[in-house]
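Source file: protein_28.pdb; contents: PDB, C-alpha atoms, pLDDT in the B column.
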ATOM      1  CA  MET A  11      11.436 -12.692  -3.833  1.00 65.00           C
ATOM      2  CA  ASN A  12      13.072 -13.508  -0.483  1.00 68.00           C
ATOM      3  CA  THR A  13      13.005 -10.960   2.303  1.00 74.00           C
ATOM      4  CA  HIS A  14      13.439 -10.983   6.074  1.00 81.00           C
ATOM      5  CA  ILE A  15      11.455  -7.769   6.479  1.00 88.00           C
ATOM      6  CA  LYS A  16       7.976  -7.653   7.978  1.00 91.00           C
ATOM      7  CA  LEU A  17       5.804  -5.168   6.114  1.00 92.00           C
ATOM      8  CA  LEU A  18       2.446  -3.711   7.166  1.00 92.00           C
ATOM      9  CA  VAL A  19       0.295  -1.555   4.868  1.00 92.00           C
ATOM     10  CA  TRP A  20      -2.698   0.245   6.366  1.00 91.00           C
ATOM     11  CA  ASN A  21      -5.353   2.269   4.564  1.00 89.00           C
ATOM     12  CA  CYS A  22      -6.237   4.279   7.643  1.00 87.00           C
ATOM     13  CA  ARG A  23      -8.614   6.824   6.017  1.00 84.00           C
ATOM     14  CA  GLY A  24      -7.237   9.594   8.196  1.00 84.00           C
ATOM     15  CA  ALA A  25      -4.153   9.784  10.412  1.00 88.00           C
ATOM     16  CA  ALA A  26      -4.642  13.113  12.170  1.00 81.00           C
ATOM     17  CA  SER A  27      -6.428  11.795  15.253  1.00 83.00           C
ATOM     18  CA  LYS A  28      -4.910  10.529  18.500  1.00 83.00           C
ATOM     19  CA  ALA A  29      -6.475   7.147  17.718  1.00 91.00           C
ATOM     20  CA  PHE A  30      -3.947   6.693  14.895  1.00 92.00           C
ATOM     21  CA  TYR A  31      -1.049   6.207  17.303  1.00 94.00           C
ATOM     22  CA  ARG A  32      -3.093   3.960  19.592  1.00 94.00           C
ATOM     23  CA  TYR A  33      -4.107   1.605  16.787  1.00 93.00           C
ATOM     24  CA  SER A  34      -0.613   1.707  15.251  1.00 95.00           C
ATOM     25  CA  LYS A  35       0.848   0.703  18.617  1.00 95.00           C
ATOM     26  CA  GLN A  36      -1.544  -2.241  18.783  1.00 95.00           C
ATOM     27  CA  TYR A  37      -0.493  -3.354  15.301  1.00 92.00           C
ATOM     28  CA  MET A  38       3.170  -2.880  16.215  1.00 95.00           C
ATOM     29  CA  ASP A  39       2.832  -5.018  19.342  1.00 95.00           C
ATOM     30  CA  LEU A  40       1.011  -7.697  17.351  1.00 92.00           C
ATOM     31  CA  TYR A  41       3.018  -7.881  14.112  1.00 91.00           C
ATOM     32  CA  LYS A  42       6.381  -6.272  15.017  1.00 94.00           C
ATOM     33  CA  HIS A  43       6.816  -5.001  11.471  1.00 94.00           C
ATOM     34  CA  ASP A  44       9.998  -3.328  10.204  1.00 96.00           C
ATOM     35  CA  LEU A  45       8.450  -1.378   7.312  1.00 96.00           C
ATOM     36  CA  TYR A  46       5.199   0.519   7.865  1.00 97.00           C
ATOM     37  CA  VAL A  47       3.165   2.045   5.034  1.00 96.00           C
ATOM     38  CA  VAL A  48       0.192   4.282   5.788  1.00 95.00           C
ATOM     39  CA  ILE A  49      -2.009   5.309   2.878  1.00 93.00           C
ATOM     40  CA  GLU A  50      -5.018   7.608   2.500  1.00 90.00           C
ATOM     41  CA  THR A  51      -3.788   9.669   5.442  1.00 89.00           C
ATOM     42  CA  ARG A  52      -6.206  12.531   4.638  1.00 85.00           C
ATOM     43  CA  SER A  53      -3.778  14.840   6.423  1.00 83.00           C
ATOM     44  CA  ASP A  54      -0.262  16.081   5.818  1.00 83.00           C
ATOM     45  CA  PRO A  55       1.854  12.889   6.115  1.00 79.00           C
ATOM     46  CA  SER A  56       4.795  14.928   7.425  1.00 77.00           C
ATOM     47  CA  LYS A  57       2.834  15.213  10.673  1.00 84.00           C
ATOM     48  CA  LEU A  58       3.318  11.453  11.096  1.00 90.00           C
ATOM     49  CA  THR A  59       7.057  11.802  11.706  1.00 90.00           C
ATOM     50  CA  LYS A  60       6.671  12.160  15.476  1.00 91.00           C
ATOM     51  CA  PRO A  61       4.279   9.219  16.038  1.00 93.00           C
ATOM     52  CA  MET A  62       6.395   7.036  13.735  1.00 95.00           C
ATOM     53  CA  LYS A  63       9.467   7.719  15.865  1.00 95.00           C
ATOM     54  CA  ARG A  64       7.480   6.901  19.003  1.00 94.00           C
ATOM     55  CA  LEU A  65       6.607   3.585  17.365  1.00 95.00           C
ATOM     56  CA  GLY A  66      10.296   2.816  16.836  1.00 96.00           C
ATOM     57  CA  PHE A  67      10.748   3.799  13.190  1.00 97.00           C
ATOM     58  CA  ASP A  68      13.850   5.857  12.445  1.00 96.00           C
ATOM     59  CA  ASP A  69      12.945   7.603   9.215  1.00 96.00           C
ATOM     60  CA  CYS A  70      10.127   8.043   6.732  1.00 95.00           C
ATOM     61  CA  ILE A  71       9.253   9.268   3.247  1.00 95.00           C
ATOM     62  CA  SER A  72       5.897  10.879   2.572  1.00 93.00           C
ATOM     63  CA  MET A  73       3.724  12.076  -0.284  1.00 92.00           C
ATOM     64  CA  LYS A  74       1.228  14.825   0.493  1.00 88.00           C
ATOM     65  CA  ASN A  75      -2.486  14.308   0.168  1.00 85.00           C
ATOM     66  CA  VAL A  76      -4.592  16.400  -2.212  1.00 82.00           C
ATOM     67  CA  GLY A  77      -7.335  17.896  -0.059  1.00 76.00           C
ATOM     68  CA  TYR A  78      -8.897  14.969   1.770  1.00 74.00           C
ATOM     69  CA  SER A  79      -7.763  12.497  -0.896  1.00 80.00           C
ATOM     70  CA  GLY A  80      -4.684  10.299  -0.722  1.00 86.00           C
ATOM     71  CA  GLY A  81      -1.484  10.787   1.216  1.00 91.00           C
ATOM     72  CA  ILE A  82       1.240   8.143   1.623  1.00 94.00           C
ATOM     73  CA  CYS A  83       3.848   7.609   4.337  1.00 95.00           C
ATOM     74  CA  VAL A  84       6.581   4.934   4.280  1.00 97.00           C
ATOM     75  CA  ALA A  85       8.477   4.438   7.567  1.00 97.00           C
ATOM     76  CA  TRP A  86      11.265   1.982   8.376  1.00 97.00           C
ATOM     77  CA  LYS A  87      13.758   0.761  10.973  1.00 96.00           C
ATOM     78  CA  ALA A  88      17.327   1.735  10.140  1.00 95.00           C
ATOM     79  CA  ASP A  89      18.839  -1.340  11.782  1.00 94.00           C
ATOM     80  CA  LYS A  90      16.916  -3.551   9.347  1.00 93.00           C
ATOM     81  CA  MET A  91      17.313  -1.731   6.044  1.00 95.00           C
ATOM     82  CA  VAL A  92      18.397   1.283   4.042  1.00 95.00           C
ATOM     83  CA  VAL A  93      15.648   2.926   1.971  1.00 97.00           C
ATOM     84  CA  ASN A  94      16.490   5.194  -0.947  1.00 97.00           C
ATOM     85  CA  LEU A  95      13.754   7.197  -2.659  1.00 98.00           C
ATOM     86  CA  LEU A  96      13.789   6.776  -6.441  1.00 97.00           C
ATOM     87  CA  HIS A  97      10.613   8.580  -7.428  1.00 96.00           C
ATOM     88  CA  LYS A  98       7.343   9.771  -5.944  1.00 95.00           C
ATOM     89  CA  GLU A  99       4.121  11.233  -7.266  1.00 94.00           C
ATOM     90  CA  THR A 100       0.648  11.814  -5.893  1.00 93.00           C
ATOM     91  CA  GLN A 101      -0.364   8.155  -6.234  1.00 95.00           C
ATOM     92  CA  PHE A 102       2.835   6.311  -5.354  1.00 97.00           C
ATOM     93  CA  ILE A 103       6.238   6.247  -3.692  1.00 97.00           C
ATOM     94  CA  HIS A 104       8.883   4.171  -5.474  1.00 98.00           C
ATOM     95  CA  CYS A 105      12.057   3.243  -3.586  1.00 97.00           C
ATOM     96  CA  ARG A 106      14.996   0.847  -3.371  1.00 97.00           C
ATOM     97  CA  ILE A 107      15.399  -1.242  -0.244  1.00 96.00           C
ATOM     98  CA  LYS A 108      18.712  -2.692   0.868  1.00 95.00           C
ATOM     99  CA  GLU A 109      18.439  -5.248   3.635  1.00 92.00           C
ATOM    100  CA  HIS A 110      21.508  -6.038   5.676  1.00 79.00           C
ATOM    101  CA  VAL A 111      21.342  -9.765   4.944  1.00 75.00           C
ATOM    102  CA  VAL A 112      19.909 -10.069   1.412  1.00 75.00           C
ATOM    103  CA  LYS A 113      20.245  -8.334  -1.923  1.00 81.00           C
ATOM    104  CA  GLU A 114      18.432  -5.142  -2.855  1.00 92.00           C
ATOM    105  CA  TRP A 115      14.846  -5.041  -4.047  1.00 95.00           C
ATOM    106  CA  LEU A 116      12.377  -2.400  -5.196  1.00 96.00           C
ATOM    107  CA  PHE A 117       9.194  -1.378  -3.432  1.00 97.00           C
ATOM    108  CA  THR A 118       6.311   0.803  -4.597  1.00 97.00           C
ATOM    109  CA  ALA A 119       3.663   1.990  -2.128  1.00 97.00           C
ATOM    110  CA  ILE A 120       0.399   2.674  -3.949  1.00 96.00           C
ATOM    111  CA  TYR A 121      -2.676   4.752  -3.309  1.00 94.00           C
ATOM    112  CA  ALA A 122      -4.555   4.842  -6.604  1.00 94.00           C
ATOM    113  CA  SER A 123      -7.101   7.558  -7.241  1.00 93.00           C
ATOM    114  CA  PRO A 124     -10.780   6.524  -7.213  1.00 90.00           C
ATOM    115  CA  ASN A 125     -11.064   8.540 -10.445  1.00 92.00           C
ATOM    116  CA  ASP A 126     -10.639   6.236 -13.457  1.00 93.00           C
ATOM    117  CA  SER A 127      -8.762   8.714 -15.645  1.00 94.00           C
ATOM    118  CA  ILE A 128      -6.344   9.765 -12.883  1.00 94.00           C
ATOM    119  CA  ARG A 129      -5.811   6.121 -11.943  1.00 94.00           C
ATOM    120  CA  GLY A 130      -4.933   5.475 -15.589  1.00 95.00           C
ATOM    121  CA  ILE A 131      -2.006   7.908 -15.214  1.00 96.00           C
ATOM    122  CA  LEU A 132      -0.717   5.772 -12.327  1.00 96.00           C
ATOM    123  CA  TRP A 133      -0.797   2.646 -14.460  1.00 96.00           C
ATOM    124  CA  ASP A 134       1.033   4.414 -17.282  1.00 96.00           C
ATOM    125  CA  LYS A 135       3.818   5.119 -14.755  1.00 96.00           C
ATOM    126  CA  ILE A 136       3.829   1.543 -13.422  1.00 96.00           C
ATOM    127  CA  CYS A 137       3.994   0.116 -16.954  1.00 95.00           C
ATOM    128  CA  SER A 138       6.859   2.470 -17.748  1.00 95.00           C
ATOM    129  CA  LEU A 139       8.752   1.271 -14.649  1.00 95.00           C
ATOM    130  CA  SER A 140       8.085  -2.364 -15.513  1.00 95.00           C
ATOM    131  CA  LYS A 141       9.566  -2.215 -19.028  1.00 92.00           C
ATOM    132  CA  ASP A 142      13.192  -2.378 -17.907  1.00 86.00           C
ATOM    133  CA  MET A 143      12.593  -4.091 -14.577  1.00 92.00           C
ATOM    134  CA  THR A 144      15.042  -6.905 -13.819  1.00 92.00           C
ATOM    135  CA  GLU A 145      15.158  -6.756 -10.011  1.00 92.00           C
ATOM    136  CA  PRO A 146      12.708  -8.168  -7.461  1.00 93.00           C
ATOM    137  CA  TRP A 147       9.863  -5.656  -7.172  1.00 95.00           C
ATOM    138  CA  LEU A 148       6.950  -5.488  -4.742  1.00 95.00           C
ATOM    139  CA  LEU A 149       3.926  -3.202  -5.108  1.00 96.00           C
ATOM    140  CA  ALA A 150       1.470  -2.913  -2.226  1.00 94.00           C
ATOM    141  CA  GLY A 151      -1.371  -0.652  -1.220  1.00 92.00           C
ATOM    142  CA  ASP A 152      -4.811   0.385  -2.401  1.00 91.00           C
ATOM    143  CA  PHE A 153      -5.266   0.068  -6.156  1.00 92.00           C
ATOM    144  CA  ASN A 154      -8.954   1.104  -5.942  1.00 89.00           C
ATOM    145  CA  ASP A 155      -9.744  -1.817  -8.228  1.00 89.00           C
ATOM    146  CA  VAL A 156     -10.659  -5.458  -7.785  1.00 83.00           C
ATOM    147  CA  ALA A 157      -9.536  -8.388  -9.915  1.00 80.00           C
ATOM    148  CA  SER A 158     -12.727 -10.411  -9.472  1.00 76.00           C
ATOM    149  CA  SER A 159     -16.074 -10.474  -7.692  1.00 68.00           C
ATOM    150  CA  LEU A 160     -14.429 -12.641  -5.005  1.00 67.00           C
ATOM    151  CA  ASP A 161     -12.397  -9.609  -3.866  1.00 68.00           C
ATOM    152  CA  LYS A 162     -15.445  -7.653  -2.730  1.00 67.00           C
ATOM    153  CA  LYS A 163     -18.520  -8.204  -0.579  1.00 66.00           C
ATOM    154  CA  GLY A 164     -21.417  -5.753  -0.364  1.00 65.00           C
ATOM    155  CA  GLY A 165     -22.012  -2.426  -2.051  1.00 67.00           C
ATOM    156  CA  ALA A 166     -22.571  -1.992  -5.777  1.00 74.00           C
ATOM    157  CA  PRO A 167     -22.175  -5.058  -8.024  1.00 77.00           C
ATOM    158  CA  VAL A 168     -18.659  -5.658  -9.354  1.00 76.00           C
ATOM    159  CA  SER A 169     -18.096  -4.626 -12.972  1.00 81.00           C
ATOM    160  CA  HIS A 170     -16.627  -7.600 -14.827  1.00 86.00           C
ATOM    161  CA  ARG A 171     -15.403  -5.233 -17.547  1.00 90.00           C
ATOM    162  CA  LYS A 172     -13.396  -3.243 -14.989  1.00 88.00           C
ATOM    163  CA  CYS A 173     -12.056  -6.460 -13.450  1.00 88.00           C
ATOM    164  CA  LYS A 174     -10.782  -7.509 -16.866  1.00 92.00           C
ATOM    165  CA  LEU A 175      -9.173  -4.101 -17.450  1.00 92.00           C
ATOM    166  CA  PHE A 176      -7.437  -4.345 -14.060  1.00 91.00           C
ATOM    167  CA  MET A 177      -6.146  -7.843 -14.819  1.00 92.00           C
ATOM    168  CA  ASP A 178      -4.980  -6.692 -18.263  1.00 94.00           C
ATOM    169  CA  LYS A 179      -2.911  -3.949 -16.594  1.00 94.00           C
ATOM    170  CA  ILE A 180      -1.412  -6.441 -14.137  1.00 93.00           C
ATOM    171  CA  ASN A 181      -0.522  -8.843 -16.949  1.00 93.00           C
ATOM    172  CA  ASN A 182       0.847  -6.102 -19.212  1.00 93.00           C
ATOM    173  CA  CYS A 183       3.275  -5.114 -16.440  1.00 94.00           C
ATOM    174  CA  LYS A 184       4.184  -8.790 -15.831  1.00 92.00           C
ATOM    175  CA  LEU A 185       3.006  -8.585 -12.239  1.00 93.00           C
ATOM    176  CA  VAL A 186       1.849 -11.496 -10.108  1.00 90.00           C
ATOM    177  CA  HIS A 187      -0.991 -11.152  -7.608  1.00 82.00           C
ATOM    178  CA  LEU A 188       0.367 -12.572  -4.340  1.00 81.00           C
ATOM    179  CA  GLU A 189      -1.716 -14.824  -2.157  1.00 72.00           C
ATOM    180  CA  THR A 190      -2.235 -13.717   1.436  1.00 66.00           C
ATOM    181  CA  ALA A 191      -2.813 -15.334   4.808  1.00 64.00           C
ATOM    182  CA  GLY A 192      -5.314 -14.272   7.448  1.00 65.00           C
ATOM    183  CA  PRO A 193      -8.820 -12.801   7.050  1.00 65.00           C
ATOM    184  CA  LYS A 194     -10.237 -12.936   3.540  1.00 65.00           C
ATOM    185  CA  TYR A 195     -11.276  -9.268   3.632  1.00 60.00           C
ATOM    186  CA  THR A 196      -8.790  -6.727   4.946  1.00 65.00           C
ATOM    187  CA  TRP A 197     -10.683  -3.454   4.391  1.00 58.00           C
ATOM    188  CA  ARG A 198     -14.113  -2.587   5.711  1.00 66.00           C
ATOM    189  CA  GLY A 199     -16.327   0.381   4.998  1.00 64.00           C
ATOM    190  CA  SER A 200     -18.831   2.101   7.240  1.00 57.00           C
ATOM    191  CA  LEU A 201     -20.450   0.060  10.000  1.00 53.00           C
ATOM    192  CA  LEU A 202     -23.330   2.501  10.439  1.00 51.00           C
ATOM    193  CA  ASP A 203     -25.497   0.543   8.016  1.00 51.00           C
ATOM    194  CA  PRO A 204     -24.434  -3.142   7.836  1.00 50.00           C
ATOM    195  CA  ARG A 205     -26.629  -3.646   4.755  1.00 49.00           C
ATOM    196  CA  ARG A 206     -24.462  -1.193   2.807  1.00 48.00           C
ATOM    197  CA  SER A 207     -21.116  -2.146   4.327  1.00 47.00           C
ATOM    198  CA  VAL A 208     -18.361  -2.959   1.828  1.00 48.00           C
ATOM    199  CA  HIS A 209     -15.534  -5.432   2.460  1.00 47.00           C
ATOM    200  CA  LEU A 210     -12.453  -5.652   0.218  1.00 50.00           C
ATOM    201  CA  ARG A 211      -9.408  -7.862  -0.061  1.00 56.00           C
ATOM    202  CA  GLU A 212      -5.941  -6.324   0.091  1.00 53.00           C
ATOM    203  CA  ALA A 213      -4.027  -5.841  -3.145  1.00 52.00           C
ATOM    204  CA  ARG A 214      -0.371  -6.755  -3.474  1.00 49.00           C
ATOM    205  CA  GLN A 215       1.506  -7.278  -6.710  1.00 51.00           C
ATOM    206  CA  ASN A 216       4.939  -8.728  -7.210  1.00 54.00           C
ATOM    207  CA  PHE A 217       7.428  -8.692 -10.081  1.00 55.00           C
ATOM    208  CA  GLU A 218      10.273 -11.205 -10.026  1.00 46.00           C
TER     209      GLU A 218
END
Could you show the structure in this file as structure tokens?
Amino acid sequence: MNTHIKLLVWNCRGAASKAFYRYSKQYMDLYKHDLYVVIETRSDPSKLTKPMKRLGFDDCISMKNVGYSGGICVAWKADKMVVNLLHKETQFIHCRIKEHVVKEWLFTAIYASPNDSIRGILWDKICSLSKDMTEPWLLAGDFNDVASSLDKKGGAPVSHRKCKLFMDKINNCKLVHLETAGPKYTWRGSLLDPRRSVHLREARQNFE
């Protein structure tokens, strides 16, 4: 899938504080991304409209959190693309992106529930979308799963059974796990006790 868009996905674990804008501005200055996805907002994502505009994004689509769980916001620059919402539910936002210089492609922003049974509902939806998929399709976000023990450092031991189930879902939907550049681990848990700190790799899937 060819694209000229720079995309940044951040599991921020709470976007209600003033620090959210400060860190977002740092990321914006560093990466100059055109499409910005914030997941696990832990606050009403509609409140992110104002800071997103201050960051230079023209419009956004959001999915409300459930209590302190979840929340998704997708923001973009209008001079780079047109974004049309196709479907959204608690765990994902599915949309069509039309760049001004390349053909259209589909994008799904994911925040999967930590609960296995609820996360299974998400995968039922993804598999349903994949059945008739013929266009380039990118999925990115937090799947709350790992494909192998190499994707996690620290915390409880990785369940190889769950890794296999995750890979089976990826393969059943004909998705490809994209390789990434930069730091090996892109998510870090609490720093209060380094012995219990958990590091995870980002999860991006692609259908072509």
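With all atoms listed in the file as the basis for measurement, A:Val19 is the residue among A:Val19, A:Val92, A:Val186, A:Cys70 that approaches Met38 of chain A most closely.
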- Could you give me, as a list in words, the residues within 10 Å of Met62 of chain A, counting only C-alpha atoms and dropping anything in the same chain fewer than 3 positions from it?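 My list of contacting residues is Tyr31, Ser34, Lys35, Tyr46, Lys57, Leu58, Thr59, Leu65, Gly66, Phe67, Asp68, Asp69, Cys70, Cys83, Val84, Ala85 and Trp86 of chain A.
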- Task: Output the residue selection produced by the PyMOL selection byres ((chain A and resi 183) around 10) on the file above, formatted as an NGL selection string.
- Result: :A and (133-134 or 136-141 or 143 or 177-182 or 184-186 or 217)
Could the residues in this selection be written to a file with C-alpha atoms, as a CSV table (one decimal), keeping the file's coordinate frame?
chain,number,residue,atom,x,y,z
A,133,TRP,CA,-0.8,2.6,-14.5
A,134,ASP,CA,1.0,4.4,-17.3
A,136,ILE,CA,3.8,1.5,-13.4
A,137,CYS,CA,4.0,0.1,-17.0
A,138,SER,CA,6.9,2.5,-17.7
A,139,LEU,CA,8.8,1.3,-14.6
A,140,SER,CA,8.1,-2.4,-15.5
A,141,LYS,CA,9.6,-2.2,-19.0
A,143,MET,CA,12.6,-4.1,-14.6
A,177,MET,CA,-6.1,-7.8,-14.8
A,178,ASP,CA,-5.0,-6.7,-18.3
A,179,LYS,CA,-2.9,-3.9,-16.6
A,180,ILE,CA,-1.4,-6.4,-14.1
A,181,ASN,CA,-0.5,-8.8,-16.9
A,182,ASN,CA,0.8,-6.1,-19.2
A,184,LYS,CA,4.2,-8.8,-15.8
A,185,LEU,CA,3.0,-8.6,-12.2
A,186,VAL,CA,1.8,-11.5,-10.1
A,217,PHE,CA,7.4,-8.7,-10.1
Run through the PyMOL selection byres ((chain A and resi 116-119) around 6) on the given coordinates and return the selected residues as a compact mmCIF listing (two decimals) with C-alpha atoms, keeping the file's coordinate frame.
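And here's result39.txt as it stands now:
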# COMPACT_ATOMS: atom_id res chain seq x y z
CA PHE A 102 2.84 6.31 -5.35
CA ILE A 103 6.24 6.25 -3.69
CA HIS A 104 8.88 4.17 -5.47
CA CYS A 105 12.06 3.24 -3.59
CA ARG A 106 15.00 0.85 -3.37
CA ILE A 107 15.40 -1.24 -0.24
CA TRP A 115 14.85 -5.04 -4.05
CA ILE A 120 0.40 2.67 -3.95
CA TRP A 147 9.86 -5.66 -7.17
CA LEU A 148 6.95 -5.49 -4.74
CA LEU A 149 3.93 -3.20 -5.11
CA ALA A 150 1.47 -2.91 -2.23
CA GLY A 151 -1.37 -0.65 -1.22
Let me know the centre plus edge lengths, in Å and rounded to one decimal, of a box with edges along x, y and z that contains all listed atoms of segment 64-74 of chain A and is padded by 8 Å on every side, as AutoDock Vina command-line options.
--center_x 7.5 --center_y 8.8 --center_z 9.4 --size_x 28.6 --size_y 28.0 --size_z 35.3
- Message: I'd like the neighbourhood of segment 154-158 of chain A as an MDAnalysis selection string, where a residue qualifies if any of its atoms comes within 7 Å (using only C-alpha atoms), though same-chain residues fewer than 4 positions away should be ignored.
- Response: chainID A and resid 122:124 173 176:177
- Task: Between atom CA of His97 of chain A and atom CA of Pro55 of chain A, measure the distance and give it in Å to one decimal.
- Result: 16.7 Å
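With distances taken over all atoms listed in the file, A:Val48 is the one residue among A:Val48, A:Leu95, A:Ile128, A:Met73 lying closest to Trp20 of chain A.
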- Task: Could you check how far atom CA of Ala88 of chain A sits from atom CA of Lys74 of chain A, in Å to one decimal?
- Result: 22.9 Å
- Query: Nearest to Val47 of chain A among A:Val168, A:Cys22, A:Val111, A:Val76, with distances taken over only C-alpha atoms: which residue is it?
  - Reply: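 Closest candidate: A:Cys22.
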- So what do you get for atom CA of Phe153 of chain A versus atom CA of Glu109 of chain A, distance-wise?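 Interatomic distance here is 26.2 Å.
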